[in-house]
Amino acid sequence: MKKVFVSGCFDLLHSGHIAFLEQAANFGALYVCIGSDHTVYDLKGRYPVITQDERRYMIQALKCVTECRINKGSGILDFESELQEIKPEIFVVNEDGNTPAKAALCKSMGIEYKVLERIPSEGLPVRSTTSLRTNSIIPFRIDLAGGWLDQPYVNNLFPGSVLTISIEPTLEFNNRSGMSSSTRNKAIELWKAQLPEGDAEQLAKILFSYENPPGTQNIAGSQDALGIVLPGLNNLHYNQSYWPHEIESVEEEEILSWIENHLYLIPLDPRQNDYDVLKNTHITKEGAAALAKAAQGCWESILNKDLKNFGKYFLDSFNAQVAMFPNMVDATLLATINTLTDKALGYKLSGAGGGGYLILVSETPIENAIQIKIRRKNLL
C-alpha cells in the first residue's frame, strides 16, 4: 500500500476529524503526525485542551490509522523531520489546512498533494475544534479596503472609508489571521453563542468599549467590532475619530452574492508571536490619501459590479497599506504571494497582514481556495 501522510493538531477529537482521517485512509496506509503542545501554542496563541500524549493515544487507537507520531519540529511545517523519515507517496490536507508552503514542500519532495473538502459522515453535522470550543455562531469579518483608516493617527491626516463584510463561521478560520478573531473572542466573552438582538451599531459600541477599556495602549480599530456586528457590506466613513461619522450599508442579495462569487481565500502561515505591524511605519498624508482613494474606488466598483476595477482598487488598497505599514509583509511572504496571483485581478492580505489569508479577486474559480458566506440581515 502507498503511505499517506496527515499532520495537524487534532485537539478535542470529533466526528469531523474522524471523517477526514477515514477519507485520507482510502488512499493507503495512514500515518498521522500531530503538533506538540508547544507548537500549537505558538501557532494558535493557546494550548490545546488535550495534551499531546493523550491526542496521540486516541488517534493511534483508530482503526483507520497505521501510526501516529508527535512532530519534533516547530512552526507551520513542524512535520518536516517526520516527512523525511516516513517517506509517504501522498500528503493529504483538508481545504482549510491547505497552505502554499505545504504544497511547495511536497512538490520539492515529489509527494502527491491532495486537498479534501470538509465533508461530514452521512447524517452528522460539520464539526470543527473551534465550534466545539466556543459553541458560537458569532461571525468573523473581512476588511475589503481602507484598513487602517479607522485609526485616528491615519484618518487625522486624510479622511476615508473602511469597507467591511461580516462572515459566517462556516470554517475553522485561523486565529491571529486578520479576520478579527481577537475581537470575536471578546464578543464570545460578552454574548457567548450568538449576537444579541438590538440596534447593531449600539452593540458594536459595546463590543468596542469592552475590547478597549480605559488605559488600553493600542486601541483596536472600531472596524473590527462594526465588521463583526453589522451584517452584509458596510462602508464606514472616518474623519479624525475612532468611530465613523457615517455608515452606508448594502443588503441587496445581488451585490452580496456577487462579492461571494468573486472572492477566494488561500490560507497562509499564521502570524507569529513576535509579529509587530506597528514597527517601521511610514504614515503620511499622501499614503492616507492613496488608501482613501482605493477604498472609494472599491466601493463604487462593487456597487456597479465592475469586477476589473474592483480587482484594481482592491490591490491599490493593499499596496497603500503596505507603503505605510511595511511590516505587513516580508520577503518570504511576498515570494509566496507572487506564486498565487498570476490569475487574480487583485489581491490583499486579511487584516493587518503578517500571514493569515491571501484574499484574491478572480473572475474564475481558484483551485483549492476557500469561499466565504456573507452574513445576511435576517441572521443574528
# chains A, B, ... in the order shown; residues from 1 in each chain; ligands from 1
$ residues_around --residues "Ile165 of chain A" --least-positions-apart "5" --cutoff "7 Å" --atoms "only C-alpha atoms" --output "ChimeraX atom specification"
/A:141-143,227,232-234,374
$ residues_around --residues "Leu105 of chain A" --least-positions-apart "4" --cutoff "12 Å" --atoms "only C-alpha atoms" --output "JSON, numbers by chain"
{"A": [76, 77, 78, 79, 80, 83, 84, 91, 99, 100, 101, 109, 110, 111, 112, 113]}
$ closest_residue --among "A:Ala145, A:Ile219, A:Leu226, A:Leu195" --to "Gln296 of chain A" --atoms "only C-alpha atoms"
A:Ala145
$ residues_around --residues "Phe314 of chain A" --least-positions-apart "3" --cutoff "12 Å" --atoms "only C-alpha atoms" --output "VMD selection string"
chain A and resid 143 to 147 162 to 163 263 291 to 302 306 to 311 317 to 321 344 to 350 359 to 362
$ write_last_selection --atoms "N, CA and C atoms" --output "compact mmCIF listing (two decimals), in the first residue's frame"
# COMPACT_ATOMS: atom_id res chain seq x y z
N ASP A 143 -11.98 43.01 6.11
CA ASP A 143 -11.97 44.37 5.57
C ASP A 143 -11.54 44.29 4.11
N LEU A 144 -12.40 44.75 3.23
CA LEU A 144 -12.14 44.68 1.79
C LEU A 144 -11.18 45.77 1.33
N ALA A 145 -11.24 46.92 1.96
CA ALA A 145 -10.39 48.04 1.53
C ALA A 145 -10.38 49.10 2.63
N GLY A 146 -9.30 49.88 2.64
CA GLY A 146 -9.23 51.02 3.54
C GLY A 146 -8.78 50.72 4.95
N GLY A 147 -8.44 49.46 5.24
CA GLY A 147 -7.99 49.12 6.58
C GLY A 147 -6.87 50.03 7.05
N VAL A 162 -13.43 52.57 5.44
CA VAL A 162 -13.07 51.16 5.53
C VAL A 162 -14.29 50.35 5.10
N LEU A 163 -14.11 49.43 4.16
CA LEU A 163 -15.20 48.57 3.70
C LEU A 163 -15.09 47.23 4.40
N LEU A 263 -14.62 36.33 -4.53
CA LEU A 263 -13.57 36.37 -3.51
C LEU A 263 -13.12 34.96 -3.18
N LEU A 291 -4.82 55.48 0.27
CA LEU A 291 -5.66 54.43 0.84
C LEU A 291 -7.13 54.80 0.73
N ALA A 292 -7.45 56.06 1.02
CA ALA A 292 -8.84 56.52 0.92
C ALA A 292 -9.35 56.45 -0.51
N LYS A 293 -8.50 56.83 -1.47
CA LYS A 293 -8.90 56.77 -2.88
C LYS A 293 -9.17 55.34 -3.31
N ALA A 294 -8.34 54.40 -2.87
CA ALA A 294 -8.53 52.99 -3.23
C ALA A 294 -9.83 52.45 -2.64
N ALA A 295 -10.12 52.82 -1.38
CA ALA A 295 -11.35 52.35 -0.75
C ALA A 295 -12.58 52.89 -1.48
N GLN A 296 -12.54 54.15 -1.87
CA GLN A 296 -13.67 54.73 -2.60
C GLN A 296 -13.83 54.05 -3.95
N GLY A 297 -12.72 53.76 -4.62
CA GLY A 297 -12.78 53.04 -5.90
C GLY A 297 -13.37 51.66 -5.74
N CYS A 298 -13.01 50.96 -4.67
CA CYS A 298 -13.58 49.63 -4.40
C CYS A 298 -15.09 49.72 -4.19
N TRP A 299 -15.51 50.71 -3.41
CA TRP A 299 -16.94 50.88 -3.11
C TRP A 299 -17.75 51.10 -4.38
N GLU A 300 -17.29 52.01 -5.22
CA GLU A 300 -18.01 52.30 -6.46
C GLU A 300 -18.01 51.09 -7.39
N SER A 301 -16.89 50.37 -7.44
CA SER A 301 -16.81 49.19 -8.31
C SER A 301 -17.75 48.09 -7.86
N ILE A 302 -17.87 47.91 -6.54
CA ILE A 302 -18.79 46.89 -6.02
C ILE A 302 -20.23 47.26 -6.34
N ASP A 306 -18.44 46.03 -11.12
CA ASP A 306 -17.36 46.19 -12.10
C ASP A 306 -16.16 45.39 -11.58
N LEU A 307 -16.03 44.15 -12.02
CA LEU A 307 -15.04 43.25 -11.44
C LEU A 307 -13.61 43.70 -11.72
N LYS A 308 -13.34 44.18 -12.92
CA LYS A 308 -11.99 44.59 -13.27
C LYS A 308 -11.50 45.71 -12.36
N ASN A 309 -12.33 46.72 -12.18
CA ASN A 309 -11.93 47.84 -11.33
C ASN A 309 -11.94 47.46 -9.85
N PHE A 310 -12.83 46.56 -9.47
CA PHE A 310 -12.80 46.05 -8.10
C PHE A 310 -11.44 45.43 -7.80
N GLY A 311 -10.96 44.59 -8.71
CA GLY A 311 -9.65 43.98 -8.53
C GLY A 311 -8.54 45.01 -8.46
N SER A 317 -5.52 49.25 -2.61
CA SER A 317 -5.69 49.40 -1.17
C SER A 317 -4.59 48.65 -0.43
N PHE A 318 -4.28 47.45 -0.86
CA PHE A 318 -3.23 46.66 -0.23
C PHE A 318 -1.88 47.35 -0.36
N ASN A 319 -1.58 47.83 -1.55
CA ASN A 319 -0.29 48.50 -1.76
C ASN A 319 -0.17 49.77 -0.92
N ALA A 320 -1.28 50.50 -0.76
CA ALA A 320 -1.26 51.70 0.07
C ALA A 320 -1.05 51.35 1.53
N GLN A 321 -1.63 50.24 1.97
CA GLN A 321 -1.41 49.79 3.34
C GLN A 321 0.06 49.45 3.58
N ALA A 344 -5.22 36.35 -10.74
CA ALA A 344 -6.12 37.20 -9.97
C ALA A 344 -6.18 38.61 -10.54
N LEU A 345 -7.33 39.25 -10.43
CA LEU A 345 -7.49 40.64 -10.84
C LEU A 345 -6.97 41.59 -9.76
N GLY A 346 -6.92 41.11 -8.53
CA GLY A 346 -6.41 41.89 -7.41
C GLY A 346 -6.27 40.99 -6.21
N TYR A 347 -5.51 41.46 -5.21
CA TYR A 347 -5.30 40.65 -4.02
C TYR A 347 -4.90 41.54 -2.86
N LYS A 348 -5.06 41.01 -1.67
CA LYS A 348 -4.60 41.67 -0.44
C LYS A 348 -4.52 40.61 0.65
N LEU A 349 -3.86 40.96 1.74
CA LEU A 349 -3.84 40.09 2.91
C LEU A 349 -5.02 40.42 3.80
N SER A 350 -5.49 39.43 4.54
CA SER A 350 -6.55 39.67 5.50
C SER A 350 -6.02 40.55 6.63
N ILE A 359 -6.33 37.03 0.11
CA ILE A 359 -7.66 37.17 -0.48
C ILE A 359 -7.50 37.61 -1.92
N LEU A 360 -8.07 36.85 -2.83
CA LEU A 360 -7.94 37.10 -4.26
C LEU A 360 -9.29 37.50 -4.86
N VAL A 361 -9.26 38.42 -5.79
CA VAL A 361 -10.43 38.75 -6.61
C VAL A 361 -10.22 38.08 -7.95
N SER A 362 -11.15 37.22 -8.34
CA SER A 362 -10.96 36.47 -9.57
C SER A 362 -12.30 36.28 -10.29
$ closest_residue --among "A:Ile188, A:Val6, A:Ile34, A:Ile138" --to "Thr170 of chain A" --atoms "only C-alpha atoms"
A:Ile138
$ atom_distance --atom1 "atom CA of Val92 of chain A" --atom2 "atom CA of Ile59 of chain A"
16.1 Å
$ atom_distance --atom1 "atom CA of Phe10 of chain A" --atom2 "atom CA of Asn71 of chain A"
12.6 Å
$ closest_residue --among "A:Asn368, A:Thr39, A:Asn327, A:Ser182" --to "Asn94 of chain A" --atoms "only C-alpha atoms"
A:Asn368
$ atom_distance --atom1 "atom CA of Phe208 of chain A" --atom2 "atom CA of Phe140 of chain A"
14.6 Å
$ residues_around --residues "segment 115-119 of chain A" --least-positions-apart "5" --cutoff "8 Å" --atoms "only C-alpha atoms" --output "PDB file with C-alpha atoms, in the first residue's frame"
ATOM      1  CA  GLY A  16     -15.089  15.868  11.566  1.00  0.00           C
ATOM      2  CA  ALA A  19     -14.374  11.609   8.706  1.00  0.00           C
ATOM      3  CA  PHE A  20     -11.250  13.357   7.378  1.00  0.00           C
ATOM      4  CA  VAL A  92      -3.470  14.914   2.456  1.00  0.00           C
ATOM      5  CA  VAL A  93      -4.937  18.141   3.891  1.00  0.00           C
ATOM      6  CA  ASN A  94      -8.455  19.467   4.243  1.00  0.00           C
ATOM      7  CA  GLU A  95      -9.452  22.680   2.496  1.00  0.00           C
ATOM      8  CA  ASN A  98      -4.164  23.836   2.730  1.00  0.00           C
ATOM      9  CA  VAL A 126     -19.979  19.596  10.110  1.00  0.00           C
ATOM     10  CA  ASN A 368      -8.132  24.711  -3.501  1.00  0.00           C
TER      11      ASN A 368
END
$ select_by_dssp --residues "segment 108-259 of chain A" --states "strand (DSSP E or B)" --output "ChimeraX atom specification"
/A:112-116,140-145,160-167,233-238,246-250
$ closest_atom_pairs --of "segment 310-340 of chain A" --to "segment 269-286 of chain A" --cutoff "10 Å" --atoms "only C-alpha atoms" --output "JSON lines"
{"residue": "A:Ala320", "atom": "CA", "partner": "A:Glu286", "partner_atom": "CA", "distance": 9.5}
{"residue": "A:Gln321", "atom": "CA", "partner": "A:Ile283", "partner_atom": "CA", "distance": 9.4}
{"residue": "A:Val322", "atom": "CA", "partner": "A:Thr281", "partner_atom": "CA", "distance": 9.1}
{"residue": "A:Ala323", "atom": "CA", "partner": "A:His282", "partner_atom": "CA", "distance": 7.0}
{"residue": "A:Met324", "atom": "CA", "partner": "A:His282", "partner_atom": "CA", "distance": 4.5}
{"residue": "A:Phe325", "atom": "CA", "partner": "A:Thr281", "partner_atom": "CA", "distance": 4.8}
{"residue": "A:Pro326", "atom": "CA", "partner": "A:Thr281", "partner_atom": "CA", "distance": 6.5}
{"residue": "A:Asn327", "atom": "CA", "partner": "A:Val277", "partner_atom": "CA", "distance": 5.0}
{"residue": "A:Met328", "atom": "CA", "partner": "A:Val277", "partner_atom": "CA", "distance": 5.9}
{"residue": "A:Val329", "atom": "CA", "partner": "A:Val277", "partner_atom": "CA", "distance": 9.0}
{"residue": "A:Leu333", "atom": "CA", "partner": "A:Asp269", "partner_atom": "CA", "distance": 9.0}
$ write_last_selection --atoms "C-alpha atoms" --output "compact mmCIF listing (two decimals), in the first residue's frame"
# COMPACT_ATOMS: atom_id res chain seq x y z
CA ALA A 320 -1.26 51.70 0.07
CA GLN A 321 -1.41 49.79 3.34
CA VAL A 322 1.99 48.20 2.84
CA ALA A 323 3.55 51.56 1.90
CA MET A 324 2.60 52.90 5.34
CA PHE A 325 2.97 49.64 7.30
CA PRO A 326 5.85 47.71 5.66
CA ASN A 327 5.86 45.02 8.35
CA MET A 328 2.60 43.67 6.92
CA VAL A 329 4.79 41.62 4.56
CA LEU A 333 5.52 36.20 2.30
$ select_by_dssp --residues "segment 65-174 of chain A" --states "alpha helix (DSSP H)" --output "ChimeraX atom specification"
/A:80-86,100-109,129-134,152-155
$ residues_around --residues "Asn261 of chain A" --least-positions-apart "2" --cutoff "10 Å" --atoms "only C-alpha atoms" --output "list in words"
Ile255, Leu256, Ser257, Trp258, Ile259, Leu263, Tyr264, Val361, Ser362, Glu363, Thr364, Pro365, Gln371, Ile372 and Lys373 of chain A
$ residues_around --residues "Ile86 of chain A" --least-positions-apart "4" --cutoff "9 Å" --atoms "only C-alpha atoms" --output "number ranges by chain"
A: 3, 5, 31, 81-82
$ closest_residue --among "A:His17, A:His262, A:His38, A:Lys87" --to "Leu62 of chain A" --atoms "only C-alpha atoms"
A:His17
